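Pasting data.cif here (mmCIF, C-alpha atoms):
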data_query
#
loop_
_atom_site.label_atom_id
_atom_site.label_comp_id
_atom_site.auth_asym_id
_atom_site.auth_seq_id
_atom_site.Cartn_x
_atom_site.Cartn_y
_atom_site.Cartn_z
CA MET A 1 191.44 130.22 56.80
CA ALA A 2 190.60 132.07 53.62
CA ALA A 3 190.20 135.83 53.82
CA GLU A 4 186.63 136.58 54.67
CA ASP A 5 184.35 139.18 53.22
CA PRO A 6 183.54 141.53 56.11
CA LYS A 7 180.12 142.11 54.56
CA LYS A 8 179.32 138.41 54.34
CA PRO A 9 177.28 137.11 57.26
CA PHE A 10 178.53 134.19 59.33
CA PRO A 11 175.43 132.81 61.03
CA GLY A 12 175.92 132.74 64.79
CA PHE A 13 179.35 134.39 64.63
CA ASP A 14 179.92 138.04 65.49
CA THR A 15 182.75 139.08 63.18
CA THR A 16 182.72 142.70 64.36
CA LYS A 17 184.17 142.02 67.81
CA PRO A 18 187.20 139.96 68.79
CA SER A 19 186.57 136.63 70.43
CA ILE A 20 188.77 135.30 73.22
CA ALA A 21 188.69 131.78 71.81
CA ARG A 22 189.49 132.84 68.25
CA THR A 23 192.21 135.29 69.32
CA TYR A 24 193.84 132.60 71.46
CA ASP A 25 193.66 130.26 68.45
CA TYR A 26 195.43 132.90 66.35
CA LEU A 27 198.15 133.46 68.94
CA LEU A 28 198.81 129.71 68.99
CA GLY A 29 199.16 129.64 65.20
CA GLY A 30 195.67 128.36 64.38
CA LYS A 31 193.47 129.27 61.44
CA ASP A 32 190.01 129.39 62.98
CA ASN A 33 189.77 133.14 63.39
CA PHE A 34 188.55 136.29 61.69
CA ALA A 35 190.23 139.56 60.79
CA VAL A 36 188.97 141.27 63.94
CA ASP A 37 190.57 138.52 66.07
CA ARG A 38 193.87 138.76 64.21
CA ALA A 39 193.88 142.53 64.64
CA PHE A 40 193.39 142.11 68.38
CA GLY A 41 196.08 139.45 68.55
CA ASP A 42 198.44 141.65 66.56
CA ARG A 43 198.16 144.31 69.24
CA PHE A 44 199.82 141.92 71.66
CA ILE A 45 202.35 140.74 69.05
CA ASN A 46 203.34 144.16 67.70
CA GLU A 47 202.65 146.62 70.51
CA LEU A 48 203.82 144.32 73.30
CA PRO A 49 206.63 142.26 71.75
CA GLY A 50 207.20 139.01 73.55
CA SER A 51 203.73 138.81 75.09
CA ARG A 52 202.68 135.98 72.75
CA VAL A 53 204.65 133.60 74.98
CA ILE A 54 201.80 133.89 77.51
CA ALA A 55 199.58 131.71 75.29
CA TYR A 56 202.23 129.01 74.95
CA ASP A 57 203.15 128.99 78.64
CA ASN A 58 199.48 128.71 79.55
CA ARG A 59 198.93 125.76 77.22
CA GLY A 60 202.03 124.02 78.57
CA ALA A 61 200.85 124.34 82.17
CA LEU A 62 197.43 122.96 81.23
CA VAL A 63 198.98 119.90 79.58
CA ARG A 64 201.17 119.24 82.62
CA ALA A 65 198.20 119.66 84.98
CA VAL A 66 196.06 117.14 83.11
CA ASN A 67 199.00 114.73 82.96
CA GLU A 68 199.54 115.14 86.69
CA ILE A 69 195.88 114.56 87.54
CA ILE A 70 195.40 111.55 85.27
CA ARG A 71 198.64 109.83 86.33
CA SER A 72 198.58 110.49 90.06
CA THR A 73 194.87 110.21 90.90
CA GLN A 74 191.87 108.04 90.03
CA ILE A 75 190.14 110.98 88.31
CA ARG A 76 188.83 109.92 84.91
CA GLN A 77 186.46 112.77 84.12
CA PHE A 78 187.01 116.46 83.41
CA ILE A 79 185.00 119.62 82.81
CA ASP A 80 186.96 122.22 80.83
CA LEU A 81 185.25 125.57 81.42
CA GLY A 82 186.09 127.97 78.60
CA SER A 83 187.96 125.44 76.54
CA GLY A 84 188.50 127.53 73.42
CA LEU A 85 189.06 126.11 69.96
CA PRO A 86 190.54 122.64 69.49
CA THR A 87 194.33 122.67 69.22
CA ALA A 88 197.02 120.07 69.78
CA ASP A 89 197.03 118.43 73.20
CA ASN A 90 193.48 119.15 74.28
CA VAL A 91 192.39 117.83 77.66
CA HIS A 92 190.86 114.64 76.23
CA GLN A 93 193.91 113.91 74.08
CA VAL A 94 196.30 114.25 76.99
CA ALA A 95 194.12 112.24 79.37
CA GLN A 96 193.02 109.51 76.97
CA ARG A 97 196.59 108.68 75.97
CA TYR A 98 197.03 107.35 79.49
CA ALA A 99 193.43 106.39 80.30
CA PRO A 100 191.27 105.95 77.17
CA GLU A 101 188.11 105.69 79.27
CA THR A 102 188.44 109.32 80.47
CA LYS A 103 185.38 111.47 79.84
CA VAL A 104 185.61 115.18 79.04
CA VAL A 105 183.00 117.92 78.76
CA TYR A 106 184.23 121.04 76.99
CA VAL A 107 182.37 124.30 77.59
CA ASP A 108 182.63 127.56 75.67
CA ASN A 109 180.27 130.40 74.80
CA ASP A 110 181.65 130.96 71.29
CA PRO A 111 179.50 129.27 68.61
CA ILE A 112 182.55 128.60 66.46
CA VAL A 113 183.94 126.44 69.26
CA LEU A 114 180.73 124.42 69.29
CA ALA A 115 180.84 123.91 65.53
CA HIS A 116 184.50 122.90 65.35
CA GLY A 117 184.45 120.93 68.57
CA ARG A 118 181.47 118.80 67.64
CA ALA A 119 183.03 118.00 64.27
CA LEU A 120 186.32 117.03 65.91
CA LEU A 121 184.72 114.92 68.62
CA ALA A 122 181.93 113.34 66.59
CA GLU A 123 183.41 109.85 66.88
CA ASN A 124 184.58 110.15 70.48
CA ALA A 125 181.75 108.88 72.67
CA ASN A 126 183.55 109.92 75.87
CA THR A 127 183.89 113.57 74.90
CA THR A 128 181.45 116.36 74.10
CA VAL A 129 181.35 120.14 73.74
CA ILE A 130 178.50 122.36 74.87
CA GLN A 131 177.88 126.04 74.24
CA ALA A 132 177.38 127.81 77.54
CA ASP A 133 178.78 130.66 79.59
CA LEU A 134 180.95 129.76 82.58
CA ARG A 135 179.25 132.65 84.41
CA ASP A 136 176.08 130.55 84.33
CA PRO A 137 177.38 127.37 85.98
CA LYS A 138 173.90 126.04 86.76
CA SER A 139 173.14 125.69 83.03
CA ILE A 140 176.38 123.76 82.57
CA PHE A 141 175.80 121.50 85.55
CA GLU A 142 172.25 120.69 84.44
CA ASN A 143 173.08 120.22 80.74
CA GLU A 144 172.07 116.76 79.57
CA ASP A 145 175.50 116.15 78.03
CA THR A 146 177.20 117.03 81.30
CA LEU A 147 174.94 114.67 83.23
CA ARG A 148 175.42 111.96 80.62
CA LEU A 149 179.21 111.96 80.93
CA ILE A 150 180.03 113.21 84.42
CA ASP A 151 179.32 111.27 87.59
CA PHE A 152 179.39 113.88 90.34
CA GLU A 153 179.51 111.16 92.99
CA LYS A 154 183.09 110.57 91.91
CA PRO A 155 186.03 113.04 91.82
CA VAL A 156 186.27 115.24 88.74
CA GLY A 157 188.91 117.54 87.30
CA VAL A 158 187.62 121.08 86.78
CA ILE A 159 189.66 123.27 84.46
CA PHE A 160 189.65 127.09 84.46
CA SER A 161 192.46 127.61 81.95
CA ALA A 162 192.87 131.35 81.33
CA THR A 163 189.17 132.00 81.84
CA LEU A 164 188.52 133.52 85.28
CA HIS A 165 190.50 136.64 84.41
CA HIS A 166 187.78 137.37 81.85
CA VAL A 167 185.21 137.44 84.66
CA ASN A 168 184.92 140.86 86.24
CA ASP A 169 184.74 141.29 90.00
CA ASP A 170 181.05 142.22 89.92
CA GLU A 171 180.34 138.89 88.17
CA ASP A 172 181.57 137.01 91.25
CA PRO A 173 184.33 134.72 89.95
CA ALA A 174 184.77 133.26 93.45
CA GLY A 175 181.09 132.37 93.40
CA ILE A 176 181.60 130.42 90.19
CA VAL A 177 184.37 128.37 91.78
CA ARG A 178 182.25 127.92 94.90
CA PHE A 179 179.35 126.60 92.78
CA TRP A 180 181.54 123.79 91.49
CA HIS A 181 183.10 123.17 94.90
CA ASP A 182 179.64 122.50 96.28
CA ARG A 183 178.86 119.93 93.58
CA ILE A 184 182.07 117.95 93.12
CA ALA A 185 183.21 115.08 95.29
CA ALA A 186 186.07 115.23 97.78
CA GLY A 187 189.34 114.52 95.99
CA SER A 188 188.31 116.51 92.93
CA HIS A 189 191.03 118.71 91.49
CA VAL A 190 190.58 122.29 90.24
CA PHE A 191 193.19 123.85 87.96
CA VAL A 192 193.32 127.62 87.46
CA SER A 193 195.58 129.68 85.24
CA HIS A 194 195.13 133.42 85.44
CA PHE A 195 196.72 136.71 84.43
CA ARG A 196 198.64 137.87 87.49
CA SER A 197 199.30 141.45 88.46
CA GLU A 198 202.42 142.57 90.23
CA ASN A 199 200.97 146.07 90.42
CA ASP A 200 203.53 147.31 87.92
CA PRO A 201 203.43 149.04 84.50
CA ARG A 202 203.71 145.73 82.58
CA SER A 203 200.58 144.31 84.18
CA GLN A 204 198.70 147.56 83.74
CA GLU A 205 199.65 147.89 80.07
CA LEU A 206 198.34 144.43 79.18
CA GLU A 207 195.21 144.95 81.23
CA GLN A 208 194.48 148.17 79.35
CA VAL A 209 194.77 146.35 76.00
CA LEU A 210 192.31 143.70 77.15
CA GLN A 211 189.86 146.17 78.63
CA GLY A 212 190.09 148.49 75.64
CA SER A 213 189.32 145.80 73.08
CA LEU A 214 187.01 143.43 74.96
CA GLY A 215 185.51 145.69 77.60
CA ARG A 216 186.36 143.16 80.29
CA GLY A 217 189.27 141.45 81.96
CA ARG A 218 190.76 141.59 85.42
CA TRP A 219 194.38 141.11 86.37
CA ARG A 220 194.65 139.79 89.94
CA THR A 221 197.47 139.45 92.43
CA ASP A 222 198.57 136.01 93.64
CA ASP A 223 196.59 136.49 96.85
CA GLN A 224 193.49 137.51 94.91
CA ILE A 225 193.77 134.48 92.64
CA LEU A 226 194.16 132.11 95.59
CA ALA A 227 191.16 133.78 97.25
CA LEU A 228 188.99 132.60 94.35
CA PHE A 229 189.18 129.09 95.81
CA GLY A 230 187.74 130.12 99.16
CA ASP A 231 187.53 127.54 101.93
CA GLY A 232 187.37 123.83 101.27
CA PHE A 233 190.40 123.43 99.03
CA THR A 234 194.02 122.55 99.67
CA VAL A 235 196.46 124.17 97.24
CA LEU A 236 199.02 121.65 96.03
CA ASP A 237 202.74 122.23 95.57
CA PRO A 238 204.28 124.39 94.26
CA GLY A 239 201.40 126.73 95.04
CA ILE A 240 200.76 129.60 92.67
CA VAL A 241 203.72 130.26 90.37
CA PRO A 242 204.32 131.56 86.84
CA ALA A 243 202.75 129.06 84.43
CA VAL A 244 206.04 128.20 82.75
CA GLU A 245 207.43 127.13 86.13
CA TRP A 246 204.42 125.10 87.25
CA ARG A 247 205.67 121.50 87.64
CA ASN A 248 207.92 121.96 84.64
CA PRO A 249 210.59 119.21 84.61
CA GLU A 250 212.74 121.43 82.43
CA GLU A 251 213.81 124.36 84.57
CA PRO A 252 213.09 127.45 82.47
CA ASP A 253 215.67 130.12 81.81
CA ASP A 254 215.29 133.51 83.41
CA LEU A 255 211.69 134.49 82.93
CA THR A 256 210.75 137.40 80.71
CA ASP A 257 208.51 140.10 82.09
CA TYR A 258 205.57 138.61 80.19
CA GLN A 259 206.15 135.10 81.48
CA ARG A 260 205.63 136.42 84.98
CA LEU A 261 202.17 137.66 84.02
CA ILE A 262 200.43 134.28 83.69
CA ALA A 263 200.23 132.08 86.80
CA ALA A 264 199.01 128.54 87.42
CA VAL A 265 197.76 126.70 90.50
CA LEU A 266 196.19 123.32 91.27
CA ALA A 267 194.02 122.58 94.30
CA VAL A 268 192.17 119.55 95.64
CA LYS A 269 188.76 119.59 97.34
CA ASN A 270 189.02 118.53 100.96
#
Can you dump the structure from the file as structure tokens?
Amino acid sequence: MAAEDPKKPFPGFDTTKPSIARTYDYLLGGKDNFAVDRAFGDRFINELPGSRVIAYDNRGALVRAVNEIIRSTQIRQFIDLGSGLPTADNVHQVAQRYAPETKVVYVDNDPIVLAHGRALLAENANTTVIQADLRDPKSIFENEDTLRLIDFEKPVGVIFSATLHHVNDDEDPAGIVRFWHDRIAAGSHVFVSHFRSENDPRSQELEQVLQGSLGRGRWRTDDQILALFGDGFTVLDPGIVPAVEWRNPEEPDDLTDYQRLIAAVLAVKN
């Protein structure tokens, strides 16, 4: 992405504050980001060396989760809540390699995601992207594109990949999960990856960076993450584990401190 003029307006884009989607894109080596996003990402890269691996471990767990769902169940529809910018191995790419009929609704509140996503998916009739906030699940559920692609009478895969830790406690993240639980069919799968706290200085340091730059973000313990599901779900093996370990056929080497700070878990609606 060419260097941008900070004084030049980008309609719909706030270039004065870092965006989660654009920062994540930068950490994964993408080019759809602004200087403010790169500066935020560089704090993790330079001030917390080694923390960049969190983005890669998270993406790897997401890919394995979609593969697992599409190959071991009859689920052929997904809602990706807080999808971020298109990168390699998006949900629809992973799923449609095995089952081309799979339908995917991507949701993000960043207008740049909407612009890039719609361009990327223009010729894919089974996939769409809508601009909405996962904290307003009713607007997502009632969106005409959601209703066009998703049949809620059948099981669906719901993806919360590195999103619920951006929802503060007073915004009721468990209530968001409960909203979807109440509207998806039995047999639906819900995947969550989340920053995990071990109540130690490493967790606290990263949380301070996130809070200081974005004004939000909540590290949670394993028990707190599992509690987001509430009743009505069965957590599947191996339970909640560091993302790099989640159903990884290649046993990882000894985990770094940072690799322990992103966890993944998959559950099925009873």
As a check of understanding, name the residues that the PyMOL selection byres ((chain A and resi 46-53) around 12) selects in the supplied structure, as an NGL selection string. :A and (23-29 or 38-45 or 54-60 or 195 or 202-203 or 205-209 or 243-244 or 255-262)
Using only C-alpha atoms, which of the listed residues (A:Val265, A:Leu149, A:Asp108, A:Gly217) sits closest to Asn168 (chain A)? A:Gly217
A:Val104, A:Ile150, A:Ala21, A:Leu266: which is nearest His116 (chain A), counting only C-alpha atoms? A:Ala21
Point-to-point distance in Å for CA of Phe160 (chain A) and CA of Asn109 (chain A): 13.9 Å
At a cut-off of 6 Å around the point (191.2, 120.9, 75.5) (file coordinates), what residues fall inside when counting only C-alpha atoms? I'd like the answer as number ranges by chain. A: 83, 90-91
I'd like the residues picked by the PyMOL selection byres ((chain A and resi 71-80) around 7) written out as an MDAnalysis selection string, using the chain letters and numbers from the file. chainID A and resid 67:70 81:83 102:107 150 155:160
Export, as a PDB file, keeping the file's coordinate frame, the selected residues with C-alpha atoms.
ATOM      1  CA  ASN A  67     199.000 114.730  82.960  1.00  0.00           C
ATOM      2  CA  GLU A  68     199.540 115.140  86.690  1.00  0.00           C
ATOM      3  CA  ILE A  69     195.880 114.560  87.540  1.00  0.00           C
ATOM      4  CA  ILE A  70     195.400 111.550  85.270  1.00  0.00           C
ATOM      5  CA  LEU A  81     185.250 125.570  81.420  1.00  0.00           C
ATOM      6  CA  GLY A  82     186.090 127.970  78.600  1.00  0.00           C
ATOM      7  CA  SER A  83     187.960 125.440  76.540  1.00  0.00           C
ATOM      8  CA  THR A 102     188.440 109.320  80.470  1.00  0.00           C
ATOM      9  CA  LYS A 103     185.380 111.470  79.840  1.00  0.00           C
ATOM     10  CA  VAL A 104     185.610 115.180  79.040  1.00  0.00           C
ATOM     11  CA  VAL A 105     183.000 117.920  78.760  1.00  0.00           C
ATOM     12  CA  TYR A 106     184.230 121.040  76.990  1.00  0.00           C
ATOM     13  CA  VAL A 107     182.370 124.300  77.590  1.00  0.00           C
ATOM     14  CA  ILE A 150     180.030 113.210  84.420  1.00  0.00           C
ATOM     15  CA  PRO A 155     186.030 113.040  91.820  1.00  0.00           C
ATOM     16  CA  VAL A 156     186.270 115.240  88.740  1.00  0.00           C
ATOM     17  CA  GLY A 157     188.910 117.540  87.300  1.00  0.00           C
ATOM     18  CA  VAL A 158     187.620 121.080  86.780  1.00  0.00           C
ATOM     19  CA  ILE A 159     189.660 123.270  84.460  1.00  0.00           C
ATOM     20  CA  PHE A 160     189.650 127.090  84.460  1.00  0.00           C
TER      21      PHE A 160
END
Give as a ChimeraX atom specification each residue that has an atom at most 12 Å from (184.0, 143.7, 89.8) in the file, counting all atoms listed in the file. /A:165-174,216-220
Do you have the CA of Asp237 (chain A)-CA of Asn199 (chain A) distance handy? 24.5 Å
Which distance in Å separates CA of Glu245 (chain A) and CA of Ala162 (chain A), to one decimal?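 One can read the CA of Glu245 (chain A) to CA of Ala162 (chain A) distance as 15.9 Å.
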Please provide the set of residues having any atom within 12 Å of Glu142 (chain A), restricted to all atoms listed in the file, with same-chain residues fewer than 5 positions apart removed, written as a PyMOL selection string. chain A and resi 130+132+136-137+147-150+152+183
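Candidate residues A:Gly84, A:Gly117, A:Gly187, A:Pro249 were compared for distance to Thr234 (chain A), and the nearest is A:Gly187, using only C-alpha atoms.
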Measuring atom to atom with only C-alpha atoms, identify which of A:Val66, A:Ala99, A:Leu228, A:Ala264 is nearest to Trp180 (chain A).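 Closest to Trp180 (chain A), using only C-alpha atoms: A:Leu228.
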Judged by only C-alpha atoms, the minimum distance to Thr127 (chain A) among A:Leu164, A:Leu114, A:His92, A:Asp151 is found for A:His92
Using only C-alpha atoms, can you tell me which of A:Ser161, A:Ser188, A:Gln204, A:Asn270 comes closest to Leu62 (chain A)? A:Ser161
